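Colleague: First the structure, then my questions, so here it is.
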There are 2 protein chains.
Amino acid sequence: MPATSTTTPAAAPRVPDGGAASRQHTLRERNLRLVAAAVFEASAPPSRADVAAATGLTRATVSTLVDRLVAGGLVAELPPVAAQRAGRPAVPLVPAARSVVGLGLEVNVDYLGARALDLVGDVVAERVVTGSLHDSDPREVLGRLRALAAETIAEVESGGMRVAGARLALPGLVDARGARLEVAPNLGWSSVAPVPELDLRSGGGGALDVEVANEAKLAALAELAGDVPSSFLYVSGDVGVGAGIVVDRQLFLGERGWNGEIGHVVVDPAGPRCSCGATGCLEQYAGKEVLLRGAGLPATAPVHAVVDLLRAGDDAALDTVRRAGRALGAALATFVNLVDVSTIVLGGTYAELFGWVGHVVGGVVEERALAAPFAPVDVRPAAAGPHAALTGGAREVLRSVVADPAQWV
Amino acid sequence: MPATSTTTPAAAPRVPDGGAASRQHTLRERNLRLVAAAVFEASAPPSRADVAAATGLTRATVSTLVDRLVAGGLVAELPPVAAQRAGRPAVPLVPAARSVVGLGLEVNVDYLGARALDLVGDVVAERVVTGSLHDSDPREVLGRLRALAAETIAEVESGGMRVAGARLALPGLVDARGARLEVAPNLGWSSVAPVPELDLRSGGGGALDVEVANEAKLAALAELAGDVPSSFLYVSGDVGVGAGIVVDRQLFLGERGWNGEIGHVVVDPAGPRCSCGATGCLEQYAGKEVLLRGAGLPATAPVHAVVDLLRAGDDAALDTVRRAGRALGAALATFVNLVDVSTIVLGGTYAELFGWVGHVVGGVVEERALAAPFAPVDVRPAAAGPHAALTGGAREVLRSVVADPAQWV
DNA sequence: GAGTTTTGTTGTACGGCTGAACTATTGCGC
DNA sequence: GCGCAATAGTTCAGCCGTACAACAAAACTC
């Protein structure tokens, strides 16, 4: 038991659920979650008996709950396969493919897109359009996103699938309710309420549940698809530098959802002036544009061009990247001291440059993090592919489905 | 609804509870918590009917649950008082006084002590012994604390009260399980397991539940007794500078319980060398000893001596405190950007110096926190009295009792 | 003092889980 | 090939805790 238990035990499935009165049907909802979690988080497809053993429920109860999940299209049965041991062969249970999907949406500085994932984690539909959206008009851009999303929804529904909801990733400060974008400097947007603007509807005409979130935070969730530990810090390096804190496989958002603004940690008060008004912010050392310019490239060049220079041994590029790595390491050490994470995942620009910045960042963190002597900090590149926030957003929708299956059966 | 719900709704009582199978008696346990929370968190003593309205349970159910809490000595009934309106007069329900107590223990640099609080929040027993414990022997000191605690427990039990458990506050890094102190530089302790050393027992001879926690974190919890908001950052300024992050009235501990080490945020890499190895750490600007020396006082002088100098308009003292305030403000702005809190409570040294540092800290934070334009950050002095960690530790024990009353009825 | 209003209690109904018995389907030994 | 053991999944009576409704208690009102 932790001194003050704020998180559920690491291994157990999470059952959030607030302080509402518990009636008989509350039992059913909670156990339904438990059974769904057992099926979705198992390393191999479990049988009903396996689920019973894992959850502590009786096989009788598990049977009725699994039947409900199967009827609701969240779980599927594989054909019974005879094990090499005696006894009736078990029916393996797996997440149902192509039944319920989550929709990830994103508007970022140089693209906008939509991606639909099913419960298995497969991409069942996707639309991405590239192009600069620097200083763009929110209404116009959201209109285009709406068209993309509508196409994606239509494609998914024509395949007989249901869309459970959507998450919109934006590169800026989003309020904790997931309704309002306060400001996105690199888009030039401020005070936007994107949800009514998008007005997404399912084929039946019902309004779709859409929530907005910060791009780095949703990208962090995409990492959970891999073999990342249950708690980590994800750093999304792009024009700005943002971060998502994941504790026990869930985002820690802080009081109002505005945490993780690592780009404006002051690395050196004597450093260059930042757009935020302060001096020596991390972004002035490790932001994408600074990296590109430091390597002698135009601010609009792709990051891969820097990699080419680094491979060629270009001194300016090497110096710039090393400087960025040290600054990033210092900011991350501060982060580790304040928030306490043992794993740091470098995404975005830094994932591409990992071969050059990884050890620099790791070294500085190891040196400056107070707890490093007792528990070393692991710094690693992101595993999720491009447009990670699309995947993370879709996954987040699906997580909410699995966390409350009662709504879907 | 937050984009990703990691915390329960602000107002609702928190029901933690992991992913275990739910049976019939789980309902009872959960509703018992709910009812207990309704009684303990109400602004005025509620009747059974009030509790029913607040929780959504029926009066019938609430009656049986309240009867159980009364029988268990957690809740007491006041004599029915006739309201000015029609109807049978209600029986007001209040936390039971002098029935169950929590024990707060602390070893700090210049004192050690024990404090017992009952469910009402009254101090029912206390022992504090001052004296320097710099570079002390853990076994010897814990032996003295054990004697203090045993006296306190005996006093409480002779009054017919039960001790529900204890929390030991230490000024250092404590592991997340609340069992081990990794290092406490200012005590000169490292790798100590204080719980078996203390070996606290109740009068019946049963071992007492004891958990260890960081001093600043327990002190933060003491603030919850006042009218502080449900989420805030508490800064404990002493020889070291520590912090406790409270989100929705609960400590946020990070992955391993080592967060909040704000004393080693780098304020200026060109600054003085710190004992941790880095340069320009906050502690070198705003630590108690630096403040005292900067004001021309010996490092062992009481903080009040600085206040006297400030009142007298002493330039060295004013400069030192202003410099400390700016450094603290910069570190806290970083904290706000990374963790997102809207209220900062300054405790320890800074509470005493608040009249001089408060506005300096507030100004710098306002200037450097990204979200400040949308939601100003409130900087205020701590309200809890001296030895706040003792109160916080005792409160934490009581919180665990109220959070799981089934064990106590 | 009868009607009204609100509190708290009592008894019945119902939903959901358990546990034990039962059926289904395999492997193994002879 | 057949009985036996083993494992998976299903059926059904029993129990527990809550809801609902009726009731008792104790005030106020006119």
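Chain identifiers are assigned as A, B, and so on, following the order in which chains appear in the structure tokens; residues are numbered from 1 within each chain, and ligands are numbered from 1 in order of appearance.
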Determine, counting only C-alpha atoms (C1' of nucleotides), which protein, DNA and RNA residues have an atom within 7 Å of an atom of DT6 (chain C); residues of the same chain fewer than 4 positions away are not included. Present the result as a PDB file with N, CA and C atoms, in the first residue's frame.
Modeller:
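The resulting file, result.pdb, is reproduced below:
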```pdb
ATOM      1  N   ALA B  86     -42.497  22.579   9.758  1.00  0.00           N
ATOM      2  CA  ALA B  86     -43.320  21.456  10.196  1.00  0.00           C
ATOM      3  C   ALA B  86     -42.569  20.146  10.054  1.00  0.00           C
ATOM      4  N   GLY B  87     -43.079  19.100  10.641  1.00  0.00           N
ATOM      5  CA  GLY B  87     -42.508  17.775  10.482  1.00  0.00           C
ATOM      6  C   GLY B  87     -41.723  17.314  11.679  1.00  0.00           C
ATOM      7  N   ARG B  88     -41.509  16.039  11.708  1.00  0.00           N
ATOM      8  CA  ARG B  88     -40.730  15.427  12.792  1.00  0.00           C
ATOM      9  C   ARG B  88     -39.317  16.000  12.788  1.00  0.00           C
TER      10      ARG B  88
END
```
Colleague: Wanna dump the chain D-chain A contacts at 12 Å for me, each residue with its shortest atom pair and the distance in Å to one decimal, counting only C-alpha atoms (C1' of nucleotides), ordered by chain and number, as a tab-separated table?
Modeller:
```
residue	atom	partner	partner_atom	distance
D:DC4	C1'	A:Ala86	CA	11.6
D:DA5	C1'	A:Ala86	CA	8.2
D:DA6	C1'	A:Gly87	CA	4.9
D:DT7	C1'	A:Gly87	CA	4.0
D:DA8	C1'	A:Arg88	CA	5.4
D:DG9	C1'	A:Ser63	CA	7.6
D:DT10	C1'	A:Ala60	CA	7.4
D:DT11	C1'	A:Ala60	CA	9.2
D:DC12	C1'	A:Ala60	CA	11.1
D:DC16	C1'	A:Gln24	CA	10.5
D:DG17	C1'	A:Gln24	CA	7.9
D:DT18	C1'	A:Arg23	CA	6.0
D:DA19	C1'	A:Arg23	CA	8.8
```
Colleague: Would you list the contacts of Ala383 (chain A) as JSON, numbers by chain, taking every protein, DNA or RNA residue within 10 Å and counting only C-alpha atoms (C1' of nucleotides), but skipping same-chain residues closer than 6 positions in sequence?
Modeller: {"A": [222, 223, 224, 225, 226, 227, 228, 345, 346, 347, 351]}
Colleague: Let me see the file: selected residues, C-alpha atoms, as a tab-separated table (two decimals), in the first residue's frame.
Modeller:
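Wrote it out as out-v3.tsv, contents follow:
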```tsv
chain	number	residue	atom	x	y	z
A	222	ALA	CA	-0.70	5.97	-28.62
A	223	GLU	CA	2.42	4.56	-26.98
A	224	LEU	CA	0.25	2.33	-24.80
A	225	ALA	CA	-0.27	0.12	-27.83
A	226	GLY	CA	3.36	-1.00	-27.52
A	227	ASP	CA	5.27	-2.54	-24.64
A	228	VAL	CA	5.81	0.71	-22.78
A	345	VAL	CA	9.53	8.51	-24.33
A	346	LEU	CA	10.82	10.94	-26.93
A	347	GLY	CA	8.38	11.45	-29.78
A	351	ALA	CA	12.20	10.23	-32.18
```
Colleague: Taking only C-alpha atoms (C1' of nucleotides) into account, which of C:DG1, C:DG15, C:DG8, C:DG29 comes nearest chain A?
Modeller: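 Smallest separation from chain A among the options: C:DG15.
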Colleague: What's the 12 Å shell around DG3 (chain C), counting only C-alpha atoms (C1' of nucleotides), without same-chain residues fewer than 3 positions away, as an NGL selection string?
Modeller: :D and (28-30)
Colleague: Identify all residues of region 99-205 of chain B in alpha helix (DSSP H) (DSSP on the backbone) and supply them as an NGL selection string.
Modeller: :B and (138-158 or 194-198)
